[in-house]
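data17.cif, holding mmCIF, C-alpha atoms:
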data_work
loop_
_atom_site.label_atom_id
_atom_site.label_comp_id
_atom_site.auth_asym_id
_atom_site.auth_seq_id
_atom_site.Cartn_x
_atom_site.Cartn_y
_atom_site.Cartn_z
CA MET A 183 10.76 -15.77 -1.21
CA HIS A 184 10.63 -16.82 -4.85
CA GLY A 185 8.41 -18.77 -7.16
CA PHE A 186 5.20 -16.84 -6.75
CA GLY A 187 2.91 -16.49 -9.72
CA GLY A 188 1.11 -13.50 -11.17
CA VAL A 189 -0.23 -10.63 -9.11
CA VAL A 190 -3.37 -9.70 -10.99
CA ALA A 191 -5.99 -12.38 -10.39
CA PRO A 192 -9.79 -12.50 -10.64
CA GLY A 193 -11.36 -11.02 -7.51
CA GLY A 194 -8.03 -9.63 -6.39
CA ALA A 195 -9.20 -6.03 -6.55
CA GLU A 196 -11.65 -6.54 -3.67
CA PRO A 197 -10.58 -5.95 -0.05
CA TYR A 198 -12.57 -9.00 1.10
CA HIS A 199 -14.76 -11.63 -0.47
CA GLU A 200 -17.22 -12.77 2.19
CA SER A 201 -19.07 -10.79 4.82
CA TRP A 202 -17.57 -12.77 7.73
CA GLU A 203 -14.12 -11.50 6.70
CA LEU A 204 -15.12 -7.90 7.34
CA ARG A 205 -16.64 -8.96 10.68
CA VAL A 206 -13.28 -10.49 11.69
CA PHE A 207 -11.67 -7.15 11.03
CA ALA A 208 -14.48 -5.23 12.78
CA LEU A 209 -14.30 -7.50 15.83
CA TRP A 210 -10.61 -6.68 16.08
CA ALA A 211 -11.41 -2.94 15.93
CA VAL A 212 -14.01 -3.26 18.71
CA THR A 213 -11.78 -5.32 21.00
CA ALA A 214 -8.82 -2.98 20.36
CA ALA A 215 -10.88 0.14 21.06
CA GLU A 216 -12.33 -1.41 24.23
CA GLY A 217 -8.95 -2.65 25.51
CA LEU A 218 -10.04 -6.31 25.59
CA GLY A 219 -6.89 -7.74 23.98
CA ALA A 220 -3.17 -7.66 24.66
CA GLY A 221 -0.16 -7.69 22.35
CA SER A 222 0.31 -6.72 18.73
CA GLY A 223 -1.75 -8.65 16.18
CA ARG A 224 1.03 -8.09 13.64
CA VAL A 225 3.60 -9.70 15.93
CA LEU A 226 1.27 -12.54 16.89
CA ARG A 227 0.47 -13.38 13.25
CA GLU A 228 4.19 -13.91 12.63
CA GLN A 229 4.15 -16.48 15.44
CA MET A 230 1.65 -18.67 13.63
CA PRO A 231 3.24 -22.01 12.73
CA PRO A 232 4.87 -21.33 9.29
CA GLU A 233 2.95 -24.00 7.39
CA GLU A 234 -0.31 -22.66 8.84
CA TYR A 235 0.65 -19.03 8.13
CA LEU A 236 1.34 -19.78 4.46
CA ARG A 237 -1.83 -21.81 4.01
CA ALA A 238 -4.12 -19.42 5.90
CA SER A 239 -5.95 -16.58 4.18
CA TYR A 240 -5.39 -13.00 5.29
CA TYR A 241 -8.54 -12.81 7.40
CA GLU A 242 -7.95 -16.29 8.81
CA ARG A 243 -4.67 -14.96 10.21
CA TRP A 244 -6.52 -12.01 11.70
CA GLN A 245 -9.09 -14.30 13.24
CA TRP A 246 -6.29 -16.34 14.79
CA SER A 247 -4.52 -13.25 16.16
CA ASN A 248 -7.84 -11.85 17.49
CA GLU A 249 -8.21 -14.97 19.62
CA GLN A 250 -4.57 -14.85 20.71
CA ARG A 251 -4.90 -11.21 21.83
CA LEU A 252 -8.03 -12.00 23.86
CA LEU A 253 -6.38 -15.07 25.42
CA ALA A 254 -3.27 -13.05 26.30
CA ARG A 255 -5.37 -10.45 28.12
CA GLY A 256 -7.36 -13.14 29.97
CA THR A 257 -10.60 -11.93 28.36
CA ILE A 258 -11.32 -15.44 27.08
CA ALA A 259 -9.98 -18.84 28.16
CA ASP A 260 -8.75 -21.86 26.21
CA GLY A 261 -11.58 -23.94 24.81
CA GLU A 262 -14.29 -21.29 25.14
CA VAL A 263 -14.42 -20.52 21.42
CA ASP A 264 -14.49 -24.24 20.59
CA ALA A 265 -17.42 -24.64 22.99
CA TRP A 266 -19.38 -21.94 21.16
CA VAL A 267 -18.51 -23.42 17.76
CA GLU A 268 -20.16 -26.60 18.99
CA ARG A 269 -23.21 -24.84 20.46
CA LEU A 270 -23.82 -22.80 17.31
CA GLY A 271 -23.23 -25.92 15.21
CA ARG A 272 -26.04 -27.63 17.13
CA GLY A 273 -28.35 -24.78 16.16
CA GLU A 274 -28.27 -22.79 19.40
CA SER A 275 -28.96 -19.05 18.94
CA PRO A 276 -26.17 -16.64 19.78
CA PRO A 277 -26.81 -14.63 22.95
CA GLY A 278 -27.86 -11.01 22.62
CA TYR A 279 -25.93 -8.26 24.32
CA ALA A 280 -26.68 -4.54 24.14
CA ASP A 281 -24.42 -1.67 25.12
CA ALA A 282 -25.96 1.62 24.02
CA GLY A 283 -22.69 3.57 24.10
CA GLN A 284 -20.34 1.00 22.59
CA SER A 285 -20.83 1.82 18.90
CA ALA A 286 -20.12 5.51 19.48
CA ARG A 287 -17.05 4.79 21.64
CA VAL A 288 -15.60 2.40 19.10
CA LEU A 289 -16.28 4.60 16.06
CA ASP A 290 -14.71 7.54 17.87
CA ALA A 291 -11.54 5.50 18.45
CA VAL A 292 -11.46 4.17 14.88
CA ARG A 293 -11.89 7.66 13.40
CA THR A 294 -9.47 9.60 15.54
CA ALA A 295 -6.54 7.26 16.20
CA THR A 296 -3.20 8.61 15.08
CA ARG A 297 0.29 7.42 15.88
CA GLU A 298 2.60 10.08 14.60
CA LEU A 299 6.33 9.84 14.83
CA ALA A 300 7.74 12.43 17.22
CA SER A 301 10.08 14.91 15.56
CA THR A 302 13.73 14.94 16.51
CA ASP A 303 16.80 17.11 16.10
CA SER A 304 19.37 14.64 17.38
CA VAL A 305 20.17 12.07 14.74
CA THR A 306 23.23 9.92 14.18
CA PHE A 307 22.84 9.75 10.40
CA PRO A 308 21.97 13.03 8.64
CA VAL A 309 20.31 13.22 5.22
CA GLY A 310 22.83 12.09 2.60
CA ALA A 311 24.78 9.87 5.01
CA PRO A 312 25.89 6.49 3.63
CA VAL A 313 24.63 3.69 5.86
CA ARG A 314 24.59 -0.10 5.82
CA VAL A 315 21.87 -2.35 7.24
CA ARG A 316 23.29 -4.55 9.97
CA ARG A 317 23.44 -8.27 9.40
CA MET A 318 21.29 -9.77 12.10
CA HIS A 319 19.01 -12.67 12.83
CA PRO A 320 16.51 -11.56 15.43
CA ALA A 321 14.56 -14.43 16.94
CA GLY A 322 11.32 -12.48 17.25
CA HIS A 323 9.49 -9.65 15.52
CA THR A 324 11.44 -7.06 13.55
CA ARG A 325 10.59 -4.41 10.99
CA CYS A 326 13.89 -4.87 9.20
CA PRO A 327 13.28 -7.02 6.10
CA ARG A 328 15.85 -9.69 5.36
CA TYR A 329 16.40 -8.60 1.75
CA VAL A 330 18.20 -5.36 2.72
CA ARG A 331 20.36 -6.77 5.53
CA GLY A 332 24.02 -6.16 4.76
CA VAL A 333 23.16 -3.75 1.93
CA ALA A 334 24.48 -0.16 1.76
CA GLY A 335 22.17 2.77 1.05
CA VAL A 336 21.80 6.51 1.61
CA VAL A 337 19.68 8.36 4.16
CA GLU A 338 17.04 10.22 2.20
CA ALA A 339 14.96 11.65 5.07
CA VAL A 340 14.69 11.53 8.84
CA ARG A 341 11.14 10.50 9.66
CA GLY A 342 11.15 11.23 13.42
CA THR A 343 11.38 8.94 16.42
CA TYR A 344 9.40 5.83 17.31
CA PRO A 345 9.80 2.90 19.75
CA LEU A 346 11.82 0.00 18.32
CA PRO A 347 9.23 -2.70 17.44
CA ASP A 348 11.71 -5.52 18.14
CA ASP A 349 11.44 -4.76 21.89
CA GLY A 350 7.66 -5.33 21.97
CA PRO A 351 4.66 -3.19 21.10
CA ARG A 352 5.11 0.43 22.21
CA ARG A 353 7.66 -0.27 24.91
CA GLY A 354 10.83 -0.30 22.84
CA THR A 355 13.68 2.17 22.98
CA VAL A 356 12.55 5.37 21.28
CA GLU A 357 14.96 6.09 18.45
CA PRO A 358 15.14 7.85 15.06
CA VAL A 359 13.62 6.25 11.97
CA TYR A 360 15.34 6.97 8.64
CA ALA A 361 14.09 6.65 5.07
CA VAL A 362 17.01 4.85 3.40
CA SER A 363 17.21 4.47 -0.36
CA PHE A 364 18.91 1.51 -2.00
CA ARG A 365 19.97 0.99 -5.61
CA SER A 366 18.38 -2.09 -7.13
CA GLU A 367 21.72 -3.55 -8.24
CA ASP A 368 23.06 -3.32 -4.67
CA VAL A 369 20.06 -5.27 -3.35
CA PHE A 370 19.35 -7.72 -6.17
CA GLY A 371 22.42 -7.67 -8.39
CA PRO A 372 22.23 -7.07 -12.13
CA THR A 373 18.83 -7.71 -13.73
CA ASP A 374 17.23 -7.28 -17.15
CA GLU A 375 15.11 -4.34 -15.97
CA PRO A 376 16.39 -0.74 -15.98
CA ALA A 377 17.69 0.19 -12.51
CA TRP A 378 15.22 1.29 -9.83
CA THR A 379 15.32 2.49 -6.23
CA VAL A 380 13.85 0.84 -3.14
CA VAL A 381 13.21 3.05 -0.12
CA LEU A 382 12.58 1.65 3.38
CA ASP A 383 11.98 3.32 6.75
CA LEU A 384 14.50 1.80 9.14
CA HIS A 385 15.14 2.25 12.84
CA GLU A 386 18.58 3.47 13.92
CA SER A 387 19.37 0.10 15.60
CA TYR A 388 19.17 -1.56 12.18
CA LEU A 389 21.85 0.69 10.68
CA GLU A 390 25.60 1.31 10.87
CA ALA A 391 27.80 3.89 9.11
CA ALA A 392 28.98 2.73 5.67
CA MET B 106 -27.39 -13.49 4.80
CA SER B 107 -25.54 -13.81 1.56
CA HIS B 108 -25.38 -17.59 1.93
CA ASP B 109 -29.07 -18.11 1.43
CA HIS B 110 -29.33 -18.43 -2.32
CA ASP B 111 -32.85 -18.13 -3.63
CA HIS B 112 -32.79 -19.63 -7.11
CA ASP B 113 -36.24 -21.10 -7.66
CA GLY B 114 -38.42 -19.68 -4.95
CA HIS B 115 -37.10 -22.05 -2.26
CA HIS B 116 -34.37 -21.37 0.25
CA HIS B 117 -31.39 -23.69 0.20
CA PRO B 118 -29.21 -22.63 3.13
CA VAL B 119 -25.58 -23.38 2.39
CA ALA B 120 -23.50 -24.80 5.25
CA LYS B 121 -21.27 -22.19 6.83
CA SER B 122 -17.54 -22.56 6.39
CA PRO B 123 -15.56 -23.46 9.53
CA LEU B 124 -14.03 -19.97 9.45
CA GLU B 125 -17.39 -18.24 9.32
CA LEU B 126 -18.68 -20.41 12.15
CA ARG B 127 -15.60 -19.68 14.26
CA THR B 128 -16.06 -15.94 13.72
CA GLU B 129 -19.66 -16.22 14.90
CA ALA B 130 -18.56 -18.32 17.87
CA LEU B 131 -16.07 -15.69 19.02
CA GLU B 132 -18.73 -13.02 18.63
CA ALA B 133 -21.22 -15.13 20.62
CA LEU B 134 -18.65 -15.76 23.37
CA LEU B 135 -17.90 -12.05 23.79
CA ALA B 136 -21.63 -11.23 23.80
CA ALA B 137 -22.24 -13.94 26.43
CA LYS B 138 -19.54 -12.33 28.56
CA GLY B 139 -21.22 -8.92 28.18
CA LEU B 140 -18.23 -7.39 26.38
CA VAL B 141 -19.06 -6.83 22.71
CA SER B 142 -22.41 -5.89 21.17
CA ALA B 143 -23.33 -6.93 17.64
CA GLU B 144 -24.32 -3.28 17.05
CA ALA B 145 -20.74 -2.11 17.62
CA ILE B 146 -19.42 -4.66 15.11
CA ASP B 147 -22.12 -3.62 12.63
CA ALA B 148 -21.14 0.03 13.12
CA VAL B 149 -17.49 -0.66 12.23
CA VAL B 150 -18.50 -2.80 9.23
CA SER B 151 -20.75 -0.03 7.96
CA TYR B 152 -18.06 2.61 8.51
CA TYR B 153 -15.52 0.72 6.39
CA GLU B 154 -18.10 -0.21 3.74
CA HIS B 155 -19.49 3.29 3.26
CA ASP B 156 -17.42 6.07 4.81
CA VAL B 157 -13.82 5.04 4.23
CA GLY B 158 -12.35 4.21 0.87
CA PRO B 159 -10.37 5.48 -2.11
CA GLN B 160 -12.97 8.22 -2.66
CA ASN B 161 -11.27 9.97 0.30
CA GLY B 162 -7.81 9.77 -1.28
CA ALA B 163 -9.29 10.93 -4.59
CA ARG B 164 -10.52 14.12 -2.89
CA VAL B 165 -7.02 14.71 -1.52
CA VAL B 166 -5.46 14.27 -4.97
CA ALA B 167 -8.04 16.46 -6.70
CA ARG B 168 -7.43 19.20 -4.13
CA ALA B 169 -3.67 18.97 -4.66
CA TRP B 170 -4.14 19.23 -8.45
CA SER B 171 -6.35 22.30 -8.02
CA ASP B 172 -4.66 24.18 -5.21
CA PRO B 173 -0.85 24.63 -5.45
CA ALA B 174 -0.59 25.75 -1.81
CA TYR B 175 -2.41 22.59 -0.68
CA ARG B 176 -0.12 20.46 -2.86
CA THR B 177 2.90 22.02 -1.14
CA ARG B 178 1.44 21.32 2.32
CA LEU B 179 0.51 17.77 1.30
CA LEU B 180 4.03 16.93 0.14
CA ALA B 181 5.57 18.58 3.23
CA ASP B 182 3.30 16.94 5.85
CA GLY B 183 0.82 14.42 4.50
CA THR B 184 -0.71 13.60 7.89
CA ALA B 185 -1.65 17.22 8.60
CA ALA B 186 -2.81 17.95 5.04
CA VAL B 187 -5.27 15.03 4.87
CA GLN B 188 -6.53 15.92 8.34
CA GLU B 189 -7.50 19.32 6.89
CA LEU B 190 -10.05 17.39 4.80
CA GLY B 191 -11.19 15.36 7.82
CA PHE B 192 -9.29 12.15 7.09
CA THR B 193 -7.78 10.52 10.15
CA GLY B 194 -8.16 7.28 12.10
CA PHE B 195 -6.75 3.77 12.42
CA GLU B 196 -3.61 3.11 10.34
CA LEU B 197 -2.93 6.58 9.05
CA ASN B 198 0.01 6.92 11.43
CA THR B 199 2.54 9.19 9.75
CA LEU B 200 1.46 9.75 6.14
CA VAL B 201 4.07 10.56 3.51
CA VAL B 202 2.83 11.58 0.05
CA VAL B 203 5.12 10.93 -2.92
CA GLU B 204 4.54 12.68 -6.23
CA ASN B 205 4.59 11.14 -9.68
CA THR B 206 5.93 13.28 -12.54
CA PRO B 207 6.73 12.55 -16.18
CA LEU B 208 10.21 11.49 -15.03
CA VAL B 209 9.52 9.82 -11.66
CA HIS B 210 7.09 7.00 -10.88
CA ASN B 211 6.41 5.86 -7.30
CA VAL B 212 4.82 2.58 -6.21
CA ILE B 213 3.91 1.42 -2.69
CA VAL B 214 4.22 -1.99 -1.03
CA CYS B 215 4.53 -3.50 2.43
CA THR B 216 6.78 -6.54 2.09
CA LEU B 217 6.46 -7.54 5.76
CA CYS B 218 2.68 -7.49 6.07
CA SER B 219 0.09 -5.17 4.51
CA CYS B 220 0.60 -1.63 5.89
CA TYR B 221 -1.71 0.71 4.00
CA PRO B 222 -3.20 4.18 4.69
CA TRP B 223 -6.77 3.13 5.58
CA PRO B 224 -8.32 6.58 6.21
CA VAL B 225 -7.54 7.72 2.65
CA LEU B 226 -7.69 4.40 0.72
CA GLY B 227 -9.92 2.10 2.79
CA LEU B 228 -8.94 -1.52 3.33
CA PRO B 229 -6.28 -2.90 0.97
CA PRO B 230 -7.26 -4.97 -2.07
CA THR B 231 -6.49 -8.68 -1.95
CA TRP B 232 -3.59 -8.44 -4.40
CA TYR B 233 -1.84 -5.85 -2.19
CA LYS B 234 -1.83 -8.39 0.66
CA SER B 235 -0.78 -11.30 -1.55
CA ALA B 236 2.62 -12.96 -1.35
CA PRO B 237 3.31 -12.50 -5.10
CA TYR B 238 2.85 -8.70 -4.97
CA ARG B 239 4.77 -8.30 -1.71
CA ALA B 240 7.70 -10.41 -2.90
CA ARG B 241 7.90 -9.37 -6.53
CA VAL B 242 7.25 -5.62 -6.69
CA VAL B 243 10.55 -4.83 -4.94
CA ALA B 244 12.54 -7.38 -6.98
CA GLU B 245 11.05 -6.92 -10.49
CA PRO B 246 8.83 -3.85 -10.31
CA ARG B 247 8.59 -3.15 -14.04
CA ALA B 248 7.42 -6.70 -14.72
CA VAL B 249 4.76 -6.41 -12.01
CA LEU B 250 3.55 -3.02 -13.29
CA ARG B 251 3.32 -4.52 -16.78
CA GLU B 252 0.90 -7.12 -15.38
CA PHE B 253 -1.26 -4.20 -14.24
CA GLY B 254 -1.08 -2.82 -17.78
CA LEU B 255 1.38 -0.06 -16.93
CA GLU B 256 4.44 0.12 -19.18
CA LEU B 257 7.05 2.60 -17.95
CA ALA B 258 9.58 4.12 -20.34
CA PRO B 259 13.14 2.96 -19.51
CA GLU B 260 14.22 6.51 -18.67
CA VAL B 261 11.54 6.97 -16.00
CA GLU B 262 13.03 6.79 -12.51
CA LEU B 263 11.13 4.10 -10.62
CA ARG B 264 10.96 4.34 -6.85
CA VAL B 265 9.48 1.49 -4.77
CA TRP B 266 8.48 2.45 -1.21
CA ASP B 267 8.46 -0.49 1.19
CA SER B 268 6.33 0.53 4.17
CA THR B 269 8.35 -1.04 7.00
CA ALA B 270 7.78 1.28 9.97
CA GLU B 271 5.04 3.56 11.22
CA VAL B 272 4.99 5.49 7.95
CA ARG B 273 2.17 4.98 5.45
CA TYR B 274 2.43 6.16 1.85
CA LEU B 275 0.10 7.67 -0.71
CA VAL B 276 1.05 8.33 -4.33
CA LEU B 277 0.04 11.67 -5.81
CA PRO B 278 -0.52 10.68 -9.46
CA GLU B 279 0.09 12.98 -12.41
CA ARG B 280 -2.83 15.15 -13.39
CA PRO B 281 -4.19 13.87 -16.72
CA ALA B 282 -3.91 16.09 -19.80
CA ARG B 283 -6.95 17.97 -21.15
CA THR B 284 -8.45 18.60 -17.69
CA ASP B 285 -7.78 22.35 -17.53
CA GLY B 286 -10.51 24.21 -15.70
CA TRP B 287 -12.10 21.04 -14.30
CA ALA B 288 -13.77 21.28 -10.91
CA GLU B 289 -12.34 19.22 -8.03
CA GLU B 290 -15.35 16.87 -8.00
CA GLU B 291 -14.83 16.10 -11.70
CA LEU B 292 -11.11 15.57 -11.23
CA ALA B 293 -11.68 13.24 -8.27
CA ARG B 294 -13.59 10.84 -10.53
CA LEU B 295 -10.40 10.24 -12.55
CA VAL B 296 -8.40 9.22 -9.46
CA VAL B 297 -8.73 5.44 -9.27
CA ARG B 298 -7.44 3.60 -6.21
CA ASP B 299 -4.53 1.92 -7.99
CA SER B 300 -3.22 5.30 -9.16
CA MET B 301 -2.72 6.20 -5.50
CA ILE B 302 -0.78 2.95 -4.88
CA GLY B 303 1.24 3.46 -8.06
CA THR B 304 0.14 0.39 -10.02
CA ALA B 305 -1.85 2.58 -12.44
CA LYS B 306 -2.07 6.16 -13.66
CA ALA B 307 -5.08 8.39 -13.12
CA MET B 308 -7.73 7.86 -15.80
CA SER B 309 -7.71 10.04 -18.89
CA PRO B 310 -10.84 12.08 -19.58
#

Could you rewrite the structure in this file as structure tokens?
Amino acid sequence: MHGFGGVVAPGGAEPYHESWELRVFALWAVTAAEGLGAGSGRVLREQMPPEEYLRASYYERWQWSNEQRLLARGTIADGEVDAWVERLGRGESPPGYADAGQSARVLDAVRTATRELASTDSVTFPVGAPVRVRRMHPAGHTRCPRYVRGVAGVVEAVRGTYPLPDDGPRRGTVEPVYAVSFRSEDVFGPTDEPAWTVVLDLHESYLEAA
Amino acid sequence: MSHDHDHDGHHHPVAKSPLELRTEALEALLAAKGLVSAEAIDAVVSYYEHDVGPQNGARVVARAWSDPAYRTRLLADGTAAVQELGFTGFELNTLVVVENTPLVHNVIVCTLCSCYPWPVLGLPPTWYKSAPYRARVVAEPRAVLREFGLELAPEVELRVWDSTAEVRYLVLPERPARTDGWAEEELARLVVRDSMIGTAKAMSP
């Protein structure tokens, strides 16, 4: 996309601006650690209606995907959040709930989670191999950005193997992920700036031999 | 709460925004269902406000500047090397550390969303998540770095890492001159967050 303004703006150095924003994030962490939601928040956020996605703030998108994950798992039902918005708006106090072990369980999950790529010896494209990103128009989620589709690059490293995100969270075909470097002129054409390199980690399904 | 401004001795509660109210409503709903305690949410908030942040990454960088064997391990396997210092958790995934030198400058972005190595840098700053940064730093990186006050010589090789898969990146900035013999704790104070994203250099003493 084009036409965006400057990057450095007042307040832009802060991760969040209001305390409710951090609670949105924390609520996601609790529900994720406790298995109360279903689906990938990242995938769901991309399914927001485009005009809403562009207008919404970062944490507004998270709030939306939090609700979608809980709805998808059947943890909450349609209309239940709206009902509580109304009750709180009328001045009703929020209900208390205590679970002595929950904080420790959640913090343990937040602190220890890792999702490493599994190492692999069998790769189609070795380091140094010329590759081209396939031209494709997936209807759903992908981790292959549009701006490198059709562009040729060189495999710089083999990262390991990971499920293909396009197939759905953690159930995709497990395949190698390659760090592929692209020359700026191949991606963007000639520019006024001295040449640079862009490196992306791309699943094998996104690539073909060049 | 922060919305009760106390200017002249009287409280003037400010109406909550619809977003804030909706967040509280979801929290109330999950409490009513006996699923989520406010204490657990508070615990996560406190963890990300106090325990996780760029001070963790700064310790990693200072160690790498001080200990050549650690630097080698860090560049070979970032995930394992930061775990040596106790840094792990949500959104570390596979960590790759890229090293800045006088001839190579690295900068990190996630054009698709906002992938970022939380355990070593905390939650990303607003500009990192903004559409202008995500769109422009791959397409005109020197212009964007200039807006951060970083002017790169034309001969410096500029490498932009777009975090598109389960790999998170951390920049190992150049060690500033005139810091010979400094202790790790002193060095860590020079390692500002943006120097580990690549939109700044480490501070000079």

* Considering only C-alpha atoms, extract the chain B residues located within 7 Å of chain A and return them as a PyMOL selection string. => chain B and resi 125-128+130-131+133-134+136-137+139+142+144-146+148-150+193-195+197-199+217+228-232+237-238+240+243-244+247+252-253+259+262-270

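Our summary of the geometry notes that CA of Glu338 (chain A) is positioned 26.8 Å from CA of Gly350 (chain A).
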
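Computed from the coordinates, the CA of Gly217 (chain A) to CA of Cys220 (chain B) distance equals 21.8 Å.
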
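Using all atoms listed in the file, the nearest neighbour of Val272 (chain B) within the list B:Leu180, B:Leu200, B:Ala248, B:Ala174 is B:Leu200.
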
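Of the listed residues B:Val249, B:Ala236, B:Ala169, B:Leu292, the one whose atoms come nearest to Ala238 (chain A) is B:Ala236, with distances taken using all atoms listed in the file.
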
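Between CA of Val337 (chain A) and CA of Arg314 (chain A) the separation is 9.9 Å.
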
* Just so the selection is clear, what residues does the PyMOL selection byres ((chain B and resi 153-163) around 10) cover here, as a count of residues only? -> 44

* Structure fact -> Of B:Tyr221, B:Leu140, B:Trp170, B:Thr216, the one nearest to Ala282 (chain B) when counting only C-alpha atoms is B:Trp170

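Running the PyMOL selection byres ((chain B and resi 181) around 12) on this file leaves Ala339 and Arg341 of chain A; Ala174, Tyr175, Arg176, Thr177, Arg178, Leu179, Leu180, Asp182, Gly183, Thr184, Ala185, Ala186, Val187, Thr199, Leu200, Val201, Val202, Val203 and Glu204 of chain B selected.
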
* Counting only C-alpha atoms, what is within 12 Å of Asp349 (chain A), bar same-chain residues fewer than 3 positions away, as a ChimeraX atom specification? -> /A:221-222,225,320-325,344-346,352-357,387

* Can you work out which one of B:Glu245, B:Glu256, B:Glu196, B:Asp285 has the shortest atom-to-atom distance to Arg273 (chain B), counting only C-alpha atoms? => B:Glu196

* Taking the file as shown, find all residues satisfying the PyMOL selection byres ((chain A and resi 389) around 7) and write them as a list in words. => Val313, Arg314, Val315, Arg316, Glu386, Ser387, Tyr388, Glu390 and Ala391 of chain A

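Comparing the minimum interatomic distances between Ala258 (chain B) and each of B:Ala143, B:Val209, B:Pro173, B:Met308, counting only C-alpha atoms, we find that B:Val209 sits nearest.
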